[in-house]
Each structure stands twice: as C-alpha cells, then as structure tokens.
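So this block is protein-v2.csv, CSV, N, CA and C atoms:
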chain,number,residue,atom,x,y,z
V,1,TYR,N,60.7,22.9,35.9
V,1,TYR,CA,61.7,23.1,34.9
V,1,TYR,C,61.4,22.2,33.7
V,2,ARG,N,61.5,22.7,32.5
V,2,ARG,CA,61.3,22.0,31.3
V,2,ARG,C,62.5,22.1,30.3
V,3,SER,N,62.8,21.1,29.6
V,3,SER,CA,63.9,21.1,28.6
V,3,SER,C,63.5,22.1,27.4
V,4,LEU,N,64.4,22.2,26.5
V,4,LEU,CA,64.2,23.0,25.4
V,4,LEU,C,63.0,22.5,24.6
V,5,HIS,N,62.7,21.2,24.6
V,5,HIS,CA,61.6,20.6,23.9
V,5,HIS,C,60.4,20.5,24.7
V,6,GLY,N,60.4,21.0,26.0
V,6,GLY,CA,59.2,21.1,26.8
V,6,GLY,C,59.0,19.9,27.7
V,7,GLU,N,59.9,18.9,27.6
V,7,GLU,CA,59.6,17.7,28.4
V,7,GLU,C,60.1,18.0,29.9
V,8,LEU,N,59.2,17.7,30.8
V,8,LEU,CA,59.4,17.9,32.2
V,8,LEU,C,60.5,16.9,32.7
V,9,TYR,N,61.5,17.3,33.4
V,9,TYR,CA,62.5,16.5,33.9
V,9,TYR,C,63.4,15.8,32.9
V,10,ALA,N,63.5,16.4,31.7
V,10,ALA,CA,64.3,15.7,30.6
V,10,ALA,C,65.8,15.6,31.1
V,11,ASN,N,66.4,16.5,31.7
V,11,ASN,CA,67.8,16.4,32.1
V,11,ASN,C,67.9,15.5,33.2
V,12,HIS,N,66.9,15.4,34.1
V,12,HIS,CA,67.0,14.4,35.2
V,12,HIS,C,67.0,13.0,34.6
V,13,LYS,N,66.1,12.8,33.6
V,13,LYS,CA,66.1,11.5,32.9
V,13,LYS,C,67.4,11.2,32.1
V,14,LEU,N,67.9,12.2,31.5
V,14,LEU,CA,69.2,12.0,30.8
V,14,LEU,C,70.3,11.6,31.8
V,15,LEU,N,70.3,12.3,32.9
V,15,LEU,CA,71.3,11.9,34.0
V,15,LEU,C,71.1,10.4,34.4
V,16,LEU,N,69.9,10.0,34.6
V,16,LEU,CA,69.7,8.6,35.0
V,16,LEU,C,70.1,7.7,33.8
V,17,HIS,N,69.9,8.1,32.6
V,17,HIS,CA,70.3,7.2,31.5
V,17,HIS,C,71.8,7.1,31.5
V,18,ILE,N,72.5,8.2,31.7
V,18,ILE,CA,74.0,8.2,31.7
V,18,ILE,C,74.5,7.3,32.9
V,19,MET,N,73.9,7.5,34.0
V,19,MET,CA,74.3,6.8,35.2
V,19,MET,C,74.1,5.3,35.0
V,20,SER,N,73.0,4.9,34.3
V,20,SER,CA,72.7,3.5,34.1
V,20,SER,C,73.6,2.9,33.0
V,21,SER,N,74.3,3.7,32.2
V,21,SER,CA,75.0,3.3,31.0
V,21,SER,C,76.5,3.2,31.1
V,22,ILE,N,77.0,4.1,31.9
V,22,ILE,CA,78.5,4.2,31.9
V,22,ILE,C,79.0,3.6,33.2
V,23,ASP,N,80.3,3.3,33.2
V,23,ASP,CA,81.0,2.9,34.4
V,23,ASP,C,81.6,4.1,35.0
V,24,ASP,N,81.0,4.7,36.0
V,24,ASP,CA,81.5,6.0,36.5
V,24,ASP,C,82.7,5.7,37.4
V,25,THR,N,83.8,6.2,36.9
V,25,THR,CA,85.1,6.0,37.6
V,25,THR,C,85.2,6.7,38.9
V,26,ASN,N,84.4,7.7,39.1
V,26,ASN,CA,84.4,8.4,40.4
V,26,ASN,C,83.8,7.5,41.5
V,27,VAL,N,82.8,6.8,41.1
V,27,VAL,CA,82.1,5.8,42.1
V,27,VAL,C,83.1,4.7,42.3
V,28,PHE,N,83.7,4.2,41.3
V,28,PHE,CA,84.7,3.1,41.4
V,28,PHE,C,85.8,3.5,42.3
V,29,TYR,N,86.3,4.7,42.1
V,29,TYR,CA,87.5,5.2,42.9
V,29,TYR,C,87.2,5.4,44.3
V,30,ARG,N,86.0,6.0,44.6
V,30,ARG,CA,85.7,6.3,46.0
V,30,ARG,C,85.0,5.2,46.7
V,31,HIS,N,84.5,4.2,46.0
V,31,HIS,CA,83.8,3.1,46.6
V,31,HIS,C,84.4,1.8,46.0
V,32,ASN,N,83.6,1.1,45.2
V,32,ASN,CA,84.0,-0.2,44.7
V,32,ASN,C,83.0,-0.6,43.5
V,33,ALA,N,83.4,-1.7,42.9
V,33,ALA,CA,82.6,-2.2,41.8
V,33,ALA,C,81.1,-2.5,42.2
V,34,GLU,N,81.0,-3.0,43.4
V,34,GLU,CA,79.7,-3.4,43.9
V,34,GLU,C,78.8,-2.1,44.0
V,35,THR,N,79.3,-1.1,44.6
V,35,THR,CA,78.5,0.2,44.7
V,35,THR,C,78.2,0.7,43.3
V,36,ALA,N,79.2,0.7,42.4
V,36,ALA,CA,78.9,1.2,41.0
V,36,ALA,C,77.8,0.4,40.4
V,37,ALA,N,77.9,-0.9,40.5
V,37,ALA,CA,76.8,-1.8,39.9
V,37,ALA,C,75.4,-1.5,40.6
V,38,TRP,N,75.4,-1.3,41.9
V,38,TRP,CA,74.2,-0.9,42.6
V,38,TRP,C,73.6,0.4,42.0
V,39,LEU,N,74.5,1.4,41.9
V,39,LEU,CA,74.0,2.7,41.4
V,39,LEU,C,73.5,2.6,40.0
V,40,LYS,N,74.2,1.9,39.1
V,40,LYS,CA,73.7,1.7,37.7
V,40,LYS,C,72.3,1.0,37.7
V,41,GLN,N,72.1,0.0,38.6
V,41,GLN,CA,70.8,-0.7,38.7
V,41,GLN,C,69.7,0.2,39.2
V,42,GLU,N,70.0,1.0,40.2
V,42,GLU,CA,69.0,1.9,40.8
V,42,GLU,C,68.6,2.9,39.7
V,43,ALA,N,69.6,3.5,39.0
V,43,ALA,CA,69.3,4.5,38.0
V,43,ALA,C,68.4,3.9,36.9
V,44,ALA,N,68.8,2.7,36.5
V,44,ALA,CA,68.0,2.1,35.4
V,44,ALA,C,66.5,1.8,35.9
V,45,ALA,N,66.4,1.4,37.1
V,45,ALA,CA,65.0,1.1,37.6
V,45,ALA,C,64.2,2.4,37.7
V,46,ILE,N,64.8,3.5,38.2
V,46,ILE,CA,64.1,4.7,38.3
V,46,ILE,C,63.7,5.2,36.9
V,47,LEU,N,64.6,5.1,35.9
V,47,LEU,CA,64.4,5.5,34.6
V,47,LEU,C,63.2,4.8,34.0
V,48,GLN,N,63.1,3.5,34.3
V,48,GLN,CA,62.0,2.7,33.7
V,48,GLN,C,60.6,3.1,34.3
V,49,ASP,N,60.6,3.6,35.5
V,49,ASP,CA,59.4,4.0,36.2
V,49,ASP,C,59.6,5.3,36.9
V,50,PHE,N,59.8,6.3,36.1
V,50,PHE,CA,60.3,7.6,36.7
V,50,PHE,C,59.3,8.3,37.5
V,51,SER,N,59.8,8.9,38.6
V,51,SER,CA,59.1,9.9,39.4
V,51,SER,C,60.2,10.7,40.0
V,52,ILE,N,59.9,12.0,40.2
V,52,ILE,CA,60.9,12.9,40.9
V,52,ILE,C,61.1,12.5,42.3
V,53,GLU,N,60.1,11.9,42.9
V,53,GLU,CA,60.2,11.4,44.3
V,53,GLU,C,61.2,10.3,44.4
V,54,LYS,N,61.2,9.4,43.4
V,54,LYS,CA,62.2,8.3,43.4
V,54,LYS,C,63.6,8.8,43.2
V,55,MET,N,63.7,9.8,42.3
V,55,MET,CA,65.0,10.4,42.0
V,55,MET,C,65.5,11.1,43.3
V,56,GLU,N,64.7,11.8,44.0
V,56,GLU,CA,65.0,12.5,45.2
V,56,GLU,C,65.5,11.5,46.3
V,57,SER,N,64.8,10.4,46.3
V,57,SER,CA,65.2,9.3,47.3
V,57,SER,C,66.6,8.8,47.0
V,58,LEU,N,66.8,8.5,45.7
V,58,LEU,CA,68.2,8.1,45.3
V,58,LEU,C,69.2,9.1,45.6
V,59,ASN,N,68.9,10.4,45.4
V,59,ASN,CA,69.8,11.4,45.7
V,59,ASN,C,70.1,11.5,47.2
V,60,LYS,N,69.1,11.3,48.0
V,60,LYS,CA,69.3,11.3,49.5
V,60,LYS,C,70.2,10.1,49.9
V,61,THR,N,69.9,9.0,49.3
V,61,THR,CA,70.7,7.8,49.7
V,61,THR,C,72.2,8.0,49.3
V,62,CYS,N,72.4,8.6,48.1
V,62,CYS,CA,73.8,8.8,47.7
V,62,CYS,C,74.5,9.8,48.6
V,63,ILE,N,73.8,10.8,49.0
V,63,ILE,CA,74.4,11.8,50.0
V,63,ILE,C,74.7,11.1,51.3
V,64,GLU,N,73.8,10.3,51.8
V,64,GLU,CA,74.0,9.6,53.1
V,64,GLU,C,75.2,8.6,53.0
V,65,ARG,N,75.4,8.0,51.8
V,65,ARG,CA,76.4,7.0,51.6
V,65,ARG,C,77.7,7.6,51.0
V,66,HIS,N,77.7,8.9,50.8
V,66,HIS,CA,78.8,9.6,50.2
V,66,HIS,C,79.2,9.0,48.8
V,67,ILE,N,78.2,8.8,48.0
V,67,ILE,CA,78.3,8.3,46.6
V,67,ILE,C,78.2,9.5,45.7
V,68,SER,N,79.2,9.7,44.9
V,68,SER,CA,79.2,10.9,44.0
V,68,SER,C,79.4,10.4,42.6
V,69,PRO,N,78.4,10.4,41.8
V,69,PRO,CA,78.5,10.0,40.4
V,69,PRO,C,79.0,11.2,39.6
V,70,GLY,N,80.2,11.6,39.9
V,70,GLY,CA,80.8,12.8,39.2
V,70,GLY,C,81.1,12.6,37.8
V,71,GLY,N,81.5,11.4,37.4
V,71,GLY,CA,81.7,11.1,35.9
V,71,GLY,C,80.4,11.3,35.2
V,72,SER,N,79.3,10.8,35.7
V,72,SER,CA,78.0,10.9,35.1
V,72,SER,C,77.6,12.4,35.0
V,73,ALA,N,77.8,13.1,36.1
V,73,ALA,CA,77.5,14.6,36.1
V,73,ALA,C,78.3,15.3,35.0
V,74,ASP,N,79.6,14.9,34.9
V,74,ASP,CA,80.4,15.6,33.8
V,74,ASP,C,79.9,15.3,32.4
V,75,MET,N,79.5,14.0,32.2
V,75,MET,CA,78.9,13.6,30.9
V,75,MET,C,77.6,14.4,30.6
V,76,LEU,N,76.8,14.6,31.7
V,76,LEU,CA,75.5,15.3,31.5
V,76,LEU,C,75.9,16.8,31.1
V,77,ALA,N,76.8,17.4,31.8
V,77,ALA,CA,77.2,18.8,31.5
V,77,ALA,C,77.7,18.9,30.1
V,78,LEU,N,78.5,17.9,29.7
V,78,LEU,CA,79.1,17.9,28.3
V,78,LEU,C,77.9,17.8,27.3
V,79,THR,N,77.0,16.9,27.6
V,79,THR,CA,75.9,16.7,26.7
V,79,THR,C,75.0,17.9,26.5
V,80,ILE,N,74.7,18.6,27.6
V,80,ILE,CA,74.0,19.8,27.6
V,80,ILE,C,74.7,20.9,26.8
V,81,LEU,N,76.0,21.0,27.0
V,81,LEU,CA,76.8,22.0,26.3
V,81,LEU,C,76.8,21.7,24.8
V,82,MET,N,77.0,20.5,24.4
V,82,MET,CA,77.0,20.1,23.0
V,82,MET,C,75.6,20.4,22.4
V,83,LYS,N,74.6,20.1,23.1
V,83,LYS,CA,73.2,20.4,22.6
V,83,LYS,C,73.0,21.9,22.4
V,84,SER,N,73.6,22.7,23.3
V,84,SER,CA,73.4,24.2,23.2
V,84,SER,C,74.2,24.7,22.0
V,85,ILE,N,75.3,24.1,21.7
V,85,ILE,CA,76.2,24.5,20.6
V,85,ILE,C,75.7,24.1,19.3
V,86,CYS,N,75.3,22.8,19.2
V,86,CYS,CA,74.9,22.2,18.0
V,86,CYS,C,73.4,22.3,17.7
V,87,GLY,N,72.6,22.6,18.7
V,87,GLY,CA,71.2,22.8,18.5
V,87,GLY,C,70.4,21.6,18.5

Produce structure tokens that represent the structure in this file.
Amino acid sequence: YRSLHGELYANHKLLLHIMSSIDDTNVFYRHNAETAAWLKQEAAAILQDFSIEKMESLNKTCIERHISPGGSADMLALTILMKSICG
C-alpha cells in the first residue's frame, strides 16, 4: 500500500504520529493514564525507528491487552477524509 504521494506506510506512520501526540480518551476510559502514557511512548519509539514488524508487534500487544486507541483511529480517519476533500 502506498499513499497518494507514493510513500510506503504513510498512513501507518500518520497513525503513530497521532497516537504519540494526543491523549486518547478511549485508552484513558478503558484503562488508565499509565496505559495511555505507555502507548504514546511506544508509538513515538516506533515512529522514530519505523518498521512494519514493530507496528505489527504493537498491534498484537494492544489486542492482547484490550487496548483500543479509538480516538487516534478517529483522528486518522478524519485526517484522511480532509485530505481527500481538500487535496
């Protein structure tokens, strides 16, 4: 998969950027501040040294721990929508 500009995994990296930048209220609500801080740190670390394998590992860990960064996913969807509308 490539973005409109041809960068491989651009949306994956954008999601990691969002996850490392916002306080995802879904994670706070379903878990706690400690888990939210952990997830932000993990996302930032993967973004700094990106590989799809690292992202898949984080995804697996989140599934196992029932961590759902739904707020970040919503922001990603909104960003992609705005990009498609505004060009």

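Each of V:Ser21, V:Ser72, V:Asn11, V:Thr79 was compared to Ala43 of chain V using all atoms listed in the file, and V:Ser21 turns out to be the nearest.
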
Q.
Here is a test: counting all atoms listed in the file, which residue of V:Met55, V:Ala73, V:Ile67, V:Ala10 is nearest to His31 of chain V?
A. V:Ile67

Q) Pick the closest to Pro69 of chain V from V:Asp24, V:His12, V:Glu7, V:Lys54: which is it, counting all atoms listed in the file? A) V:Asp24

Q | Point-to-point distance in Å for atom CA of Lys83 of chain V and atom C of Leu39 of chain V | A |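 Computing the Euclidean distance for atom C of Leu39 of chain V and atom CA of Lys83 of chain V yields 24.9 Å.
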
Q) Do you have the atom CA of Ile80 of chain V-atom N of Leu16 of chain V distance handy? A)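 That distance, rounded to one decimal, is 12.7 Å.
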
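Distance-wise, atom CA of Ile63 of chain V and atom CA of Asn26 of chain V end up 14.3 Å apart.
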
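Each of V:Val27, V:Ile46, V:Ile52, V:Ala36 was checked against Ser68 of chain V using all atoms listed in the file; the smallest atom-to-atom distance is that of V:Val27.
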
Q: Give me every helix (DSSP H, G or I) residue in chain V, going by DSSP on the backbone, as an NGL selection string.
A: :V and (10-21 or 25-30 or 33-48 or 52-65 or 70-86)

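Distance check against Lys13 of chain V using only N, CA and C atoms: of V:Ala37, V:Cys86, V:Leu47, V:Thr61, the minimum falls on V:Leu47.
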
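Each of V:Ser84, V:Ser51, V:Thr35, V:Gln41 was checked against Ile18 of chain V using only C-alpha atoms; the smallest atom-to-atom distance is that of V:Gln41.
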
Taking N, CA, C and O atoms as the atom set, what does segment 28-48 of chain V look like once completed, written as a PDB file, keeping the file's coordinate frame?
ATOM      1  N   PHE V  28      83.700   4.200  41.300  1.00  0.00           N
ATOM      2  CA  PHE V  28      84.700   3.100  41.400  1.00  0.00           C
ATOM      3  C   PHE V  28      85.800   3.500  42.300  1.00  0.00           C
ATOM      4  O   PHE V  28      86.234   2.756  43.245  1.00  0.00           O
ATOM      5  N   TYR V  29      86.300   4.700  42.100  1.00  0.00           N
ATOM      6  CA  TYR V  29      87.500   5.200  42.900  1.00  0.00           C
ATOM      7  C   TYR V  29      87.200   5.400  44.300  1.00  0.00           C
ATOM      8  O   TYR V  29      87.939   5.000  45.211  1.00  0.00           O
ATOM      9  N   ARG V  30      86.000   6.000  44.600  1.00  0.00           N
ATOM     10  CA  ARG V  30      85.700   6.300  46.000  1.00  0.00           C
ATOM     11  C   ARG V  30      85.000   5.200  46.700  1.00  0.00           C
ATOM     12  O   ARG V  30      84.927   5.239  47.950  1.00  0.00           O
ATOM     13  N   HIS V  31      84.500   4.200  46.000  1.00  0.00           N
ATOM     14  CA  HIS V  31      83.800   3.100  46.600  1.00  0.00           C
ATOM     15  C   HIS V  31      84.400   1.800  46.000  1.00  0.00           C
ATOM     16  O   HIS V  31      85.481   1.442  46.319  1.00  0.00           O
ATOM     17  N   ASN V  32      83.600   1.100  45.200  1.00  0.00           N
ATOM     18  CA  ASN V  32      84.000  -0.200  44.700  1.00  0.00           C
ATOM     19  C   ASN V  32      83.000  -0.600  43.500  1.00  0.00           C
ATOM     20  O   ASN V  32      82.063   0.124  43.248  1.00  0.00           O
ATOM     21  N   ALA V  33      83.400  -1.700  42.900  1.00  0.00           N
ATOM     22  CA  ALA V  33      82.600  -2.200  41.800  1.00  0.00           C
ATOM     23  C   ALA V  33      81.100  -2.500  42.200  1.00  0.00           C
ATOM     24  O   ALA V  33      80.183  -2.304  41.440  1.00  0.00           O
ATOM     25  N   GLU V  34      81.000  -3.000  43.400  1.00  0.00           N
ATOM     26  CA  GLU V  34      79.700  -3.400  43.900  1.00  0.00           C
ATOM     27  C   GLU V  34      78.800  -2.100  44.000  1.00  0.00           C
ATOM     28  O   GLU V  34      77.602  -2.157  43.602  1.00  0.00           O
ATOM     29  N   THR V  35      79.300  -1.100  44.600  1.00  0.00           N
ATOM     30  CA  THR V  35      78.500   0.200  44.700  1.00  0.00           C
ATOM     31  C   THR V  35      78.200   0.700  43.300  1.00  0.00           C
ATOM     32  O   THR V  35      77.087   1.217  43.076  1.00  0.00           O
ATOM     33  N   ALA V  36      79.200   0.700  42.400  1.00  0.00           N
ATOM     34  CA  ALA V  36      78.900   1.200  41.000  1.00  0.00           C
ATOM     35  C   ALA V  36      77.800   0.400  40.400  1.00  0.00           C
ATOM     36  O   ALA V  36      76.975   0.979  39.688  1.00  0.00           O
ATOM     37  N   ALA V  37      77.900  -0.900  40.500  1.00  0.00           N
ATOM     38  CA  ALA V  37      76.800  -1.800  39.900  1.00  0.00           C
ATOM     39  C   ALA V  37      75.400  -1.500  40.600  1.00  0.00           C
ATOM     40  O   ALA V  37      74.433  -1.406  39.853  1.00  0.00           O
ATOM     41  N   TRP V  38      75.400  -1.300  41.900  1.00  0.00           N
ATOM     42  CA  TRP V  38      74.200  -0.900  42.600  1.00  0.00           C
ATOM     43  C   TRP V  38      73.600   0.400  42.000  1.00  0.00           C
ATOM     44  O   TRP V  38      72.412   0.461  41.725  1.00  0.00           O
ATOM     45  N   LEU V  39      74.500   1.400  41.900  1.00  0.00           N
ATOM     46  CA  LEU V  39      74.000   2.700  41.400  1.00  0.00           C
ATOM     47  C   LEU V  39      73.500   2.600  40.000  1.00  0.00           C
ATOM     48  O   LEU V  39      72.429   3.177  39.654  1.00  0.00           O
ATOM     49  N   LYS V  40      74.200   1.900  39.100  1.00  0.00           N
ATOM     50  CA  LYS V  40      73.700   1.700  37.700  1.00  0.00           C
ATOM     51  C   LYS V  40      72.300   1.000  37.700  1.00  0.00           C
ATOM     52  O   LYS V  40      71.390   1.418  37.003  1.00  0.00           O
ATOM     53  N   GLN V  41      72.100   0.000  38.600  1.00  0.00           N
ATOM     54  CA  GLN V  41      70.800  -0.700  38.700  1.00  0.00           C
ATOM     55  C   GLN V  41      69.700   0.200  39.200  1.00  0.00           C
ATOM     56  O   GLN V  41      68.610   0.199  38.645  1.00  0.00           O
ATOM     57  N   GLU V  42      70.000   1.000  40.200  1.00  0.00           N
ATOM     58  CA  GLU V  42      69.000   1.900  40.800  1.00  0.00           C
ATOM     59  C   GLU V  42      68.600   2.900  39.700  1.00  0.00           C
ATOM     60  O   GLU V  42      67.437   3.254  39.582  1.00  0.00           O
ATOM     61  N   ALA V  43      69.600   3.500  39.000  1.00  0.00           N
ATOM     62  CA  ALA V  43      69.300   4.500  38.000  1.00  0.00           C
ATOM     63  C   ALA V  43      68.400   3.900  36.900  1.00  0.00           C
ATOM     64  O   ALA V  43      67.474   4.561  36.473  1.00  0.00           O
ATOM     65  N   ALA V  44      68.800   2.700  36.500  1.00  0.00           N
ATOM     66  CA  ALA V  44      68.000   2.100  35.400  1.00  0.00           C
ATOM     67  C   ALA V  44      66.500   1.800  35.900  1.00  0.00           C
ATOM     68  O   ALA V  44      65.584   2.026  35.119  1.00  0.00           O
ATOM     69  N   ALA V  45      66.400   1.400  37.100  1.00  0.00           N
ATOM     70  CA  ALA V  45      65.000   1.100  37.600  1.00  0.00           C
ATOM     71  C   ALA V  45      64.200   2.400  37.700  1.00  0.00           C
ATOM     72  O   ALA V  45      63.017   2.373  37.361  1.00  0.00           O
ATOM     73  N   ILE V  46      64.800   3.500  38.200  1.00  0.00           N
ATOM     74  CA  ILE V  46      64.100   4.700  38.300  1.00  0.00           C
ATOM     75  C   ILE V  46      63.700   5.200  36.900  1.00  0.00           C
ATOM     76  O   ILE V  46      62.627   5.744  36.640  1.00  0.00           O
ATOM     77  N   LEU V  47      64.600   5.100  35.900  1.00  0.00           N
ATOM     78  CA  LEU V  47      64.400   5.500  34.600  1.00  0.00           C
ATOM     79  C   LEU V  47      63.200   4.800  34.000  1.00  0.00           C
ATOM     80  O   LEU V  47      62.394   5.339  33.227  1.00  0.00           O
ATOM     81  N   GLN V  48      63.100   3.500  34.300  1.00  0.00           N
ATOM     82  CA  GLN V  48      62.000   2.700  33.700  1.00  0.00           C
ATOM     83  C   GLN V  48      60.600   3.100  34.300  1.00  0.00           C
ATOM     84  O   GLN V  48      59.604   2.983  33.633  1.00  0.00           O
TER      85      GLN V  48
END
